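Student: I am sharing target08.cif, which consists of mmCIF, N, CA and C atoms and all ligand atoms:
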data_work
#
loop_
_atom_site.label_atom_id
_atom_site.label_comp_id
_atom_site.auth_asym_id
_atom_site.auth_seq_id
_atom_site.Cartn_x
_atom_site.Cartn_y
_atom_site.Cartn_z
N MET G 182 24.33 4.23 -16.04
CA MET G 182 23.34 5.26 -15.78
C MET G 182 22.29 4.71 -14.82
N THR G 183 22.01 5.47 -13.80
CA THR G 183 20.97 5.08 -12.85
C THR G 183 19.69 5.82 -13.16
N LEU G 184 18.64 5.07 -13.30
CA LEU G 184 17.33 5.66 -13.59
C LEU G 184 16.69 6.14 -12.30
N ALA G 185 15.80 7.11 -12.42
CA ALA G 185 14.99 7.55 -11.28
C ALA G 185 13.90 6.53 -11.03
N LYS G 186 13.53 6.38 -9.78
CA LYS G 186 12.43 5.47 -9.47
C LYS G 186 11.16 5.96 -10.15
N PRO G 187 10.38 5.04 -10.69
CA PRO G 187 9.15 5.46 -11.38
C PRO G 187 8.13 6.00 -10.38
N LEU G 188 7.29 6.87 -10.88
CA LEU G 188 6.21 7.44 -10.07
C LEU G 188 4.87 6.94 -10.60
N PRO G 189 3.94 6.70 -9.70
CA PRO G 189 2.60 6.28 -10.17
C PRO G 189 1.91 7.42 -10.89
N PRO G 190 1.10 7.11 -11.88
CA PRO G 190 0.37 8.17 -12.57
C PRO G 190 -0.72 8.73 -11.66
N VAL G 191 -0.89 10.04 -11.70
CA VAL G 191 -1.97 10.69 -10.94
C VAL G 191 -2.96 11.22 -11.96
N ASP G 192 -4.19 10.73 -11.87
CA ASP G 192 -5.23 11.20 -12.79
C ASP G 192 -6.45 11.66 -11.98
N ALA G 193 -7.50 12.01 -12.68
CA ALA G 193 -8.69 12.53 -12.01
C ALA G 193 -9.24 11.53 -10.99
N GLN G 194 -9.15 10.24 -11.31
CA GLN G 194 -9.70 9.21 -10.44
C GLN G 194 -8.83 9.00 -9.20
N SER G 195 -7.52 9.15 -9.32
CA SER G 195 -6.61 8.84 -8.21
C SER G 195 -6.11 10.07 -7.45
N ARG G 196 -6.38 11.26 -7.96
CA ARG G 196 -5.83 12.48 -7.35
C ARG G 196 -6.19 12.59 -5.86
N HIS G 197 -7.43 12.34 -5.54
CA HIS G 197 -7.89 12.42 -4.14
C HIS G 197 -7.08 11.46 -3.26
N TYR G 198 -6.87 10.25 -3.75
CA TYR G 198 -6.09 9.24 -3.01
C TYR G 198 -4.68 9.73 -2.74
N TRP G 199 -4.02 10.25 -3.75
CA TRP G 199 -2.63 10.70 -3.59
C TRP G 199 -2.53 11.95 -2.72
N GLU G 200 -3.55 12.80 -2.78
CA GLU G 200 -3.56 13.97 -1.90
C GLU G 200 -3.63 13.53 -0.44
N ALA G 201 -4.43 12.50 -0.14
CA ALA G 201 -4.50 11.97 1.22
C ALA G 201 -3.16 11.37 1.63
N CYS G 202 -2.52 10.63 0.74
CA CYS G 202 -1.19 10.06 1.03
C CYS G 202 -0.21 11.18 1.36
N ASN G 203 -0.31 12.29 0.65
CA ASN G 203 0.60 13.41 0.93
C ASN G 203 0.40 13.97 2.32
N GLU G 204 -0.77 13.73 2.90
CA GLU G 204 -1.05 14.16 4.27
C GLU G 204 -0.76 13.04 5.27
N GLY G 205 -0.20 11.92 4.78
CA GLY G 205 0.12 10.81 5.67
C GLY G 205 -1.08 9.94 6.02
N ARG G 206 -2.09 9.96 5.14
CA ARG G 206 -3.28 9.15 5.36
C ARG G 206 -3.48 8.19 4.19
N LEU G 207 -3.85 6.94 4.53
CA LEU G 207 -4.18 5.94 3.51
C LEU G 207 -5.70 5.85 3.48
N VAL G 208 -6.28 6.27 2.36
CA VAL G 208 -7.74 6.35 2.26
C VAL G 208 -8.27 5.20 1.40
N LEU G 209 -9.24 4.50 1.94
CA LEU G 209 -9.92 3.41 1.25
C LEU G 209 -11.31 3.92 0.87
N GLN G 210 -12.08 3.06 0.19
CA GLN G 210 -13.47 3.39 -0.11
C GLN G 210 -14.38 2.40 0.60
N HIS G 211 -15.43 2.92 1.22
CA HIS G 211 -16.42 2.11 1.91
C HIS G 211 -17.75 2.24 1.16
N CYS G 212 -18.34 1.10 0.84
CA CYS G 212 -19.62 1.09 0.11
C CYS G 212 -20.76 1.17 1.12
N LEU G 213 -21.58 2.20 1.00
CA LEU G 213 -22.70 2.37 1.92
C LEU G 213 -23.83 1.39 1.64
N SER G 214 -23.84 0.78 0.44
CA SER G 214 -24.91 -0.17 0.10
C SER G 214 -24.66 -1.55 0.69
N CYS G 215 -23.42 -2.03 0.58
CA CYS G 215 -23.16 -3.42 1.02
C CYS G 215 -22.09 -3.52 2.11
N GLY G 216 -21.42 -2.43 2.42
CA GLY G 216 -20.42 -2.46 3.48
C GLY G 216 -19.03 -2.87 3.05
N TYR G 217 -18.87 -3.21 1.78
CA TYR G 217 -17.57 -3.64 1.27
C TYR G 217 -16.56 -2.49 1.33
N VAL G 218 -15.33 -2.81 1.63
CA VAL G 218 -14.24 -1.83 1.65
C VAL G 218 -13.28 -2.19 0.53
N GLN G 219 -12.95 -1.22 -0.32
CA GLN G 219 -12.07 -1.51 -1.45
C GLN G 219 -10.92 -0.53 -1.54
N HIS G 220 -9.88 -1.02 -2.13
CA HIS G 220 -8.71 -0.23 -2.49
C HIS G 220 -8.34 -0.71 -3.88
N TYR G 221 -8.23 0.11 -4.76
CA TYR G 221 -8.08 1.52 -4.92
C TYR G 221 -9.44 2.17 -5.20
N HIS G 222 -9.45 3.50 -5.33
CA HIS G 222 -10.68 4.21 -5.58
C HIS G 222 -11.23 3.91 -6.99
N ARG G 223 -12.53 3.63 -7.02
CA ARG G 223 -13.23 3.36 -8.28
C ARG G 223 -14.56 4.10 -8.27
N VAL G 224 -15.18 4.17 -9.43
CA VAL G 224 -16.47 4.83 -9.55
C VAL G 224 -17.56 3.95 -8.94
N LEU G 225 -17.39 2.62 -9.05
CA LEU G 225 -18.39 1.66 -8.58
C LEU G 225 -17.80 0.78 -7.49
N CYS G 226 -18.67 0.27 -6.63
CA CYS G 226 -18.26 -0.77 -5.68
C CYS G 226 -17.95 -2.03 -6.49
N SER G 227 -16.79 -2.62 -6.27
CA SER G 227 -16.41 -3.81 -7.04
C SER G 227 -17.13 -5.06 -6.54
N HIS G 228 -17.89 -4.94 -5.46
CA HIS G 228 -18.66 -6.08 -4.93
C HIS G 228 -20.11 -6.04 -5.38
N CYS G 229 -20.75 -4.83 -5.34
CA CYS G 229 -22.19 -4.77 -5.66
C CYS G 229 -22.53 -3.75 -6.74
N ALA G 230 -21.53 -3.04 -7.25
CA ALA G 230 -21.70 -2.06 -8.34
C ALA G 230 -22.45 -0.80 -7.92
N ALA G 231 -22.68 -0.59 -6.64
CA ALA G 231 -23.32 0.65 -6.18
C ALA G 231 -22.34 1.81 -6.35
N THR G 232 -22.90 3.01 -6.38
CA THR G 232 -22.05 4.19 -6.56
C THR G 232 -21.95 5.04 -5.30
N ASP G 233 -22.62 4.62 -4.23
CA ASP G 233 -22.58 5.41 -2.99
C ASP G 233 -21.39 5.00 -2.14
N LEU G 234 -20.24 5.49 -2.55
CA LEU G 234 -18.97 5.17 -1.90
C LEU G 234 -18.47 6.38 -1.13
N VAL G 235 -17.92 6.12 0.06
CA VAL G 235 -17.36 7.20 0.87
C VAL G 235 -15.95 6.81 1.29
N ASP G 236 -15.18 7.82 1.63
CA ASP G 236 -13.82 7.56 2.10
C ASP G 236 -13.83 6.88 3.46
N LEU G 237 -12.86 6.02 3.64
CA LEU G 237 -12.63 5.39 4.94
C LEU G 237 -11.12 5.42 5.16
N GLU G 238 -10.69 6.10 6.21
CA GLU G 238 -9.26 6.18 6.47
C GLU G 238 -8.79 4.88 7.11
N ALA G 239 -7.80 4.26 6.52
CA ALA G 239 -7.26 3.01 7.05
C ALA G 239 -6.58 3.26 8.39
N SER G 240 -6.67 2.27 9.26
CA SER G 240 -6.02 2.39 10.57
C SER G 240 -4.51 2.31 10.44
N GLY G 241 -4.05 1.69 9.35
CA GLY G 241 -2.61 1.48 9.17
C GLY G 241 -2.17 0.12 9.66
N ALA G 242 -3.07 -0.60 10.30
CA ALA G 242 -2.75 -1.96 10.78
C ALA G 242 -3.04 -2.97 9.68
N GLY G 243 -2.23 -4.02 9.65
CA GLY G 243 -2.44 -5.07 8.68
C GLY G 243 -1.53 -6.23 8.97
N SER G 244 -1.50 -7.18 8.03
CA SER G 244 -0.61 -8.34 8.21
C SER G 244 -0.08 -8.78 6.85
N VAL G 245 1.03 -9.50 6.89
CA VAL G 245 1.67 -9.99 5.67
C VAL G 245 0.85 -11.16 5.14
N LYS G 246 0.34 -11.01 3.92
CA LYS G 246 -0.41 -12.10 3.27
C LYS G 246 0.52 -12.94 2.42
N SER G 247 1.49 -12.29 1.80
CA SER G 247 2.50 -12.97 1.00
C SER G 247 3.64 -11.98 0.77
N PHE G 248 4.80 -12.50 0.42
CA PHE G 248 5.92 -11.59 0.16
C PHE G 248 6.99 -12.30 -0.65
N THR G 249 7.85 -11.50 -1.26
CA THR G 249 9.03 -12.04 -1.93
C THR G 249 10.18 -11.06 -1.71
N VAL G 250 11.37 -11.61 -1.65
CA VAL G 250 12.57 -10.80 -1.47
C VAL G 250 13.23 -10.62 -2.83
N ILE G 251 13.39 -9.38 -3.24
CA ILE G 251 14.01 -9.06 -4.52
C ILE G 251 15.51 -8.88 -4.27
N ARG G 252 16.31 -9.73 -4.88
CA ARG G 252 17.76 -9.65 -4.67
C ARG G 252 18.50 -9.13 -5.90
N ARG G 253 17.78 -9.04 -7.01
CA ARG G 253 18.35 -8.49 -8.24
C ARG G 253 17.32 -7.52 -8.81
N ALA G 254 17.64 -6.25 -8.75
CA ALA G 254 16.68 -5.22 -9.16
C ALA G 254 16.31 -5.37 -10.63
N VAL G 255 15.06 -5.15 -10.93
CA VAL G 255 14.60 -5.22 -12.33
C VAL G 255 14.96 -3.96 -13.09
N SER G 256 15.35 -2.91 -12.36
CA SER G 256 15.73 -1.65 -12.97
C SER G 256 16.85 -1.06 -12.14
N SER G 257 17.75 -0.32 -12.78
CA SER G 257 18.84 0.30 -12.03
C SER G 257 18.32 1.32 -11.02
N ALA G 258 17.09 1.74 -11.17
CA ALA G 258 16.49 2.67 -10.21
C ALA G 258 16.42 2.05 -8.82
N PHE G 259 16.42 0.73 -8.75
CA PHE G 259 16.26 0.05 -7.47
C PHE G 259 17.53 -0.67 -7.03
N ASP G 260 18.64 -0.46 -7.74
CA ASP G 260 19.89 -1.14 -7.40
C ASP G 260 20.31 -0.91 -5.95
N ALA G 261 20.16 0.32 -5.48
CA ALA G 261 20.61 0.65 -4.12
C ALA G 261 19.71 0.04 -3.05
N ASP G 262 18.54 -0.44 -3.45
CA ASP G 262 17.58 -0.97 -2.47
C ASP G 262 17.73 -2.46 -2.22
N VAL G 263 18.35 -3.19 -3.13
CA VAL G 263 18.40 -4.64 -2.97
C VAL G 263 19.23 -5.04 -1.75
N PRO G 264 18.84 -6.08 -1.02
CA PRO G 264 17.57 -6.79 -1.19
C PRO G 264 16.41 -5.96 -0.63
N TYR G 265 15.29 -6.00 -1.33
CA TYR G 265 14.08 -5.34 -0.81
C TYR G 265 12.90 -6.29 -0.94
N VAL G 266 11.83 -5.93 -0.25
CA VAL G 266 10.69 -6.84 -0.13
C VAL G 266 9.46 -6.25 -0.80
N VAL G 267 8.86 -7.03 -1.69
CA VAL G 267 7.55 -6.72 -2.26
C VAL G 267 6.56 -7.63 -1.55
N ALA G 268 5.51 -7.05 -1.02
CA ALA G 268 4.58 -7.84 -0.20
C ALA G 268 3.13 -7.54 -0.53
N LEU G 269 2.29 -8.52 -0.28
CA LEU G 269 0.86 -8.31 -0.27
C LEU G 269 0.49 -8.12 1.20
N ILE G 270 -0.06 -6.95 1.50
CA ILE G 270 -0.44 -6.62 2.88
C ILE G 270 -1.96 -6.61 2.96
N GLU G 271 -2.48 -7.43 3.86
CA GLU G 271 -3.93 -7.44 4.10
C GLU G 271 -4.22 -6.45 5.21
N LEU G 272 -4.94 -5.40 4.86
CA LEU G 272 -5.28 -4.37 5.84
C LEU G 272 -6.31 -4.88 6.83
N ALA G 273 -6.32 -4.31 8.01
CA ALA G 273 -7.32 -4.68 9.03
C ALA G 273 -8.73 -4.47 8.49
N GLU G 274 -8.90 -3.52 7.56
CA GLU G 274 -10.21 -3.21 6.99
C GLU G 274 -10.59 -4.17 5.87
N GLY G 275 -9.66 -5.02 5.43
CA GLY G 275 -9.99 -6.03 4.42
C GLY G 275 -9.23 -5.99 3.12
N PRO G 276 -9.06 -4.80 2.50
CA PRO G 276 -8.37 -4.78 1.21
C PRO G 276 -6.92 -5.27 1.31
N VAL G 277 -6.41 -5.74 0.18
CA VAL G 277 -5.02 -6.21 0.08
C VAL G 277 -4.28 -5.26 -0.85
N LEU G 278 -3.12 -4.80 -0.41
CA LEU G 278 -2.28 -3.90 -1.21
C LEU G 278 -0.98 -4.59 -1.57
N MET G 279 -0.54 -4.40 -2.81
CA MET G 279 0.83 -4.79 -3.15
C MET G 279 1.69 -3.57 -2.88
N THR G 280 2.72 -3.76 -2.06
CA THR G 280 3.51 -2.63 -1.61
C THR G 280 4.89 -3.14 -1.20
N ASN G 281 5.64 -2.30 -0.56
CA ASN G 281 6.95 -2.70 -0.05
C ASN G 281 6.89 -2.83 1.46
N LEU G 282 7.62 -3.80 1.97
CA LEU G 282 7.83 -3.96 3.40
C LEU G 282 9.22 -3.41 3.66
N VAL G 283 9.31 -2.38 4.47
CA VAL G 283 10.58 -1.67 4.67
C VAL G 283 10.98 -1.69 6.14
N ASP G 284 12.23 -1.34 6.41
CA ASP G 284 12.73 -1.21 7.79
C ASP G 284 12.45 -2.46 8.61
N SER G 285 12.52 -3.62 7.98
CA SER G 285 12.19 -4.87 8.66
C SER G 285 13.27 -5.90 8.35
N PRO G 286 13.85 -6.54 9.37
CA PRO G 286 14.86 -7.58 9.11
C PRO G 286 14.26 -8.71 8.27
N LEU G 287 14.96 -9.08 7.19
CA LEU G 287 14.41 -10.11 6.29
C LEU G 287 14.10 -11.40 7.03
N GLU G 288 14.95 -11.77 8.00
CA GLU G 288 14.75 -13.03 8.71
C GLU G 288 13.52 -13.02 9.60
N ASP G 289 12.96 -11.86 9.87
CA ASP G 289 11.77 -11.76 10.73
C ASP G 289 10.47 -11.75 9.94
N ILE G 290 10.56 -11.62 8.64
CA ILE G 290 9.34 -11.51 7.82
C ILE G 290 8.73 -12.88 7.61
N ALA G 291 7.44 -12.98 7.90
CA ALA G 291 6.71 -14.24 7.71
C ALA G 291 5.25 -13.91 7.44
N ILE G 292 4.58 -14.82 6.78
CA ILE G 292 3.15 -14.65 6.53
C ILE G 292 2.41 -14.59 7.87
N GLY G 293 1.54 -13.61 8.00
CA GLY G 293 0.76 -13.45 9.22
C GLY G 293 1.34 -12.43 10.18
N GLU G 294 2.59 -12.00 9.94
CA GLU G 294 3.19 -11.01 10.84
C GLU G 294 2.45 -9.67 10.73
N ALA G 295 2.29 -9.02 11.87
CA ALA G 295 1.61 -7.73 11.91
C ALA G 295 2.50 -6.62 11.35
N VAL G 296 1.88 -5.67 10.67
CA VAL G 296 2.60 -4.54 10.07
C VAL G 296 1.88 -3.25 10.40
N GLU G 297 2.62 -2.15 10.21
CA GLU G 297 2.01 -0.83 10.35
C GLU G 297 2.40 0.02 9.15
N LEU G 298 1.57 1.01 8.91
CA LEU G 298 1.73 1.89 7.76
C LEU G 298 2.88 2.87 7.98
N THR G 299 3.62 3.10 6.92
CA THR G 299 4.60 4.16 6.89
C THR G 299 4.57 4.71 5.46
N PHE G 300 5.32 5.73 5.19
CA PHE G 300 5.31 6.31 3.84
C PHE G 300 6.73 6.57 3.37
N GLU G 301 6.94 6.48 2.06
CA GLU G 301 8.20 6.88 1.44
C GLU G 301 7.92 8.09 0.56
N ARG G 302 8.52 9.21 0.90
CA ARG G 302 8.37 10.42 0.09
C ARG G 302 9.21 10.22 -1.17
N ARG G 303 8.53 10.03 -2.30
CA ARG G 303 9.26 9.77 -3.53
C ARG G 303 9.39 11.01 -4.40
N SER G 304 8.49 11.94 -4.26
CA SER G 304 8.56 13.21 -4.99
C SER G 304 7.72 14.22 -4.22
N GLU G 305 7.69 15.42 -4.73
CA GLU G 305 6.89 16.46 -4.07
C GLU G 305 5.42 16.06 -4.01
N ASP G 306 4.96 15.33 -5.03
CA ASP G 306 3.54 14.99 -5.12
C ASP G 306 3.22 13.56 -4.70
N ILE G 307 4.23 12.72 -4.60
CA ILE G 307 3.97 11.30 -4.33
C ILE G 307 4.61 10.86 -3.01
N ASN G 308 3.75 10.42 -2.11
CA ASN G 308 4.13 9.89 -0.81
C ASN G 308 3.59 8.45 -0.79
N LEU G 309 4.47 7.47 -1.05
CA LEU G 309 4.03 6.10 -1.27
C LEU G 309 3.75 5.37 0.04
N PRO G 310 2.56 4.78 0.17
CA PRO G 310 2.30 3.98 1.36
C PRO G 310 3.11 2.68 1.33
N GLN G 311 3.75 2.41 2.44
CA GLN G 311 4.52 1.18 2.62
C GLN G 311 4.25 0.68 4.03
N PHE G 312 4.84 -0.46 4.37
CA PHE G 312 4.57 -1.05 5.68
C PHE G 312 5.86 -1.57 6.29
N ARG G 313 5.84 -1.72 7.62
CA ARG G 313 6.97 -2.31 8.32
C ARG G 313 6.44 -3.20 9.43
N LEU G 314 7.25 -4.20 9.78
CA LEU G 314 6.85 -5.13 10.84
C LEU G 314 6.75 -4.40 12.17
N VAL G 315 5.81 -4.82 12.99
CA VAL G 315 5.70 -4.26 14.33
C VAL G 315 6.03 -5.31 15.39
N GLY G 316 6.22 -6.56 14.99
CA GLY G 316 6.47 -7.62 15.95
C GLY G 316 5.15 -8.25 16.35
N GLY G 317 5.06 -9.57 16.25
CA GLY G 317 3.82 -10.26 16.59
C GLY G 317 2.93 -10.45 15.39
N THR G 318 1.73 -10.98 15.64
CA THR G 318 0.78 -11.21 14.57
C THR G 318 -0.48 -10.41 14.84
N LEU G 319 -1.22 -10.15 13.78
CA LEU G 319 -2.44 -9.34 13.91
C LEU G 319 -3.56 -10.20 14.42
ZN ZN L 401 -21.08 -2.46 -2.45
#
For this file, produce the structure as structure tokens.
Ligand SMILES: [Zn+2]
Tutor:
Amino acid sequence: MTLAKPLPPVDAQSRHYWEACNEGRLVLQHCLSCGYVQHYHRVLCSHCAATDLVDLEASGAGSVKSFTVIRRAVSSAFDADVPYVVALIELAEGPVLMTNLVDSPLEDIAIGEAVELTFERRSEDINLPQFRLVGGTL
């Protein structure tokens, strides 16, 4: 039996974020008090605890901070994807996301390589942000 890929929970705190993803936008939070940029959305700035946070649309540019190649899926939902890459992507704006690196030759993936944003439509409501190599470094 093949399981369906899991979907992230959407709640009152994350709904705005997922709605932006559905429009093909990756939205971060910018703190007007200290300038810190954070991902994911929170009630408080995780740097200074201020509450004056506004949306900041990510440029989609970033670089590979770390990665691993999954060759044996942890769930049958991902059997068809192996080998696939789980990566930490450092966005040009600062935050680091754990996500997938897709459409990229495994032999070309290295720490520091530049990436760009793409999305995987996983359901009607969930459009997952992912990244792919663009060639070169950021
Ligand atoms: Zn702050």
Student: Just want the 9 Å neighbourhood of stretch 254-262 of chain G, counted on only C-alpha atoms, with same-chain residues fewer than 4 positions away dropped. Output as a list in words.
Tutor: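 Surrounding residues, per the criterion: Met182, Thr183, Leu184, Ala185, Lys186 and Pro187 of chain G.
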Student: What is the distance between atom CA of G:Leu309 and atom C of G:Val250, in Å to one decimal?
Tutor: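 Pair atom CA of G:Leu309 / atom C of G:Val250 returns 19.1 Å.
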Student: Could you list, as a VMD selection string, all residues that come within 8 Å of ligand ZN 401 (chain L)? Count all atoms listed in the file.
Tutor: chain G and resid 211 to 218 225 to 234
Student: For atom CA of G:Cys202 and atom CA of G:Ile307, determine how far apart the two atoms are, in Å to one decimal place.
Tutor: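 Taking atom CA of G:Cys202 and atom CA of G:Ile307, their separation equals 7.5 Å.
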Student: Between G:Asp284, G:Asp306, G:Glu294, G:Glu274, which has the minimum distance to G:Val245 (counting only N, CA and C atoms)?
Tutor: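 Closest to G:Val245, using only N, CA and C atoms: G:Glu294.
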Student: Any chance you could list, as a PyMOL selection string, the residues in chain G that come up helix (DSSP H, G or I) when DSSP is run on the backbone?
Tutor: chain G and resi 196-203+257-262+287-289
Student: Please check which residues have atoms at most 9 Å from (4.6, -8.2, 9.3) in the file's coordinates, counting only C-alpha atoms, and write them as a list of chain:residue names.
Tutor: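 The residues near that point, listed by chain and number, are G:Gly243, G:Ser244, G:Val245, G:Lys246, G:Ile270, G:Leu282, G:Ser285, G:Asp289, G:Ile290, G:Ala291, G:Ile292, G:Gly293, G:Glu294, G:Ala295, G:Val296, G:Glu297, G:Phe312, G:Arg313, G:Leu314, G:Val315, G:Gly316, G:Gly317, G:Thr318, G:Leu319.
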Student: Determine the nearest neighbour of G:Ser304 from the options G:Val235, G:Ala273, G:Ser195, G:Leu188, counting all atoms listed in the file.
Tutor: G:Leu188
Student: For the structure just given, write the atoms of stretch 282-298 of chain G, namely N, CA and C atoms, as a short mmCIF file (atom, residue, chain, number, x, y, z; two decimals), in the first residue's frame.
Tutor:
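To be explicit, this is the file written out as result38.cif:
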data_model
loop_
_atom_site.label_atom_id
_atom_site.label_comp_id
_atom_site.auth_asym_id
_atom_site.auth_seq_id
_atom_site.Cartn_x
_atom_site.Cartn_y
_atom_site.Cartn_z
N LEU G 282 15.33 20.09 -2.39
CA LEU G 282 16.02 20.59 -3.56
C LEU G 282 15.60 19.66 -4.69
N VAL G 283 14.96 20.22 -5.70
CA VAL G 283 14.38 19.40 -6.77
C VAL G 283 14.96 19.80 -8.12
N ASP G 284 14.72 18.95 -9.12
CA ASP G 284 15.13 19.25 -10.51
C ASP G 284 16.61 19.62 -10.60
N SER G 285 17.43 19.00 -9.78
CA SER G 285 18.85 19.35 -9.73
C SER G 285 19.67 18.07 -9.74
N PRO G 286 20.65 17.94 -10.65
CA PRO G 286 21.50 16.74 -10.65
C PRO G 286 22.23 16.58 -9.32
N LEU G 287 22.15 15.38 -8.74
CA LEU G 287 22.75 15.17 -7.42
C LEU G 287 24.23 15.52 -7.41
N GLU G 288 24.94 15.21 -8.51
CA GLU G 288 26.38 15.45 -8.55
C GLU G 288 26.72 16.94 -8.58
N ASP G 289 25.76 17.79 -8.86
CA ASP G 289 26.01 19.24 -8.91
C ASP G 289 25.71 19.94 -7.59
N ILE G 290 25.09 19.25 -6.67
CA ILE G 290 24.68 19.89 -5.41
C ILE G 290 25.88 20.00 -4.48
N ALA G 291 26.09 21.21 -3.97
CA ALA G 291 27.18 21.46 -3.03
C ALA G 291 26.79 22.63 -2.13
N ILE G 292 27.38 22.67 -0.97
CA ILE G 292 27.13 23.77 -0.05
C ILE G 292 27.60 25.07 -0.71
N GLY G 293 26.76 26.08 -0.65
CA GLY G 293 27.09 27.38 -1.23
C GLY G 293 26.51 27.59 -2.62
N GLU G 294 26.01 26.52 -3.25
CA GLU G 294 25.43 26.67 -4.58
C GLU G 294 24.17 27.53 -4.53
N ALA G 295 24.00 28.36 -5.53
CA ALA G 295 22.83 29.24 -5.61
C ALA G 295 21.59 28.45 -6.00
N VAL G 296 20.45 28.83 -5.45
CA VAL G 296 19.18 28.17 -5.73
C VAL G 296 18.12 29.22 -6.01
N GLU G 297 17.02 28.75 -6.61
CA GLU G 297 15.86 29.61 -6.81
C GLU G 297 14.62 28.87 -6.36
N LEU G 298 13.62 29.66 -6.03
CA LEU G 298 12.35 29.14 -5.51
C LEU G 298 11.53 28.50 -6.61
#
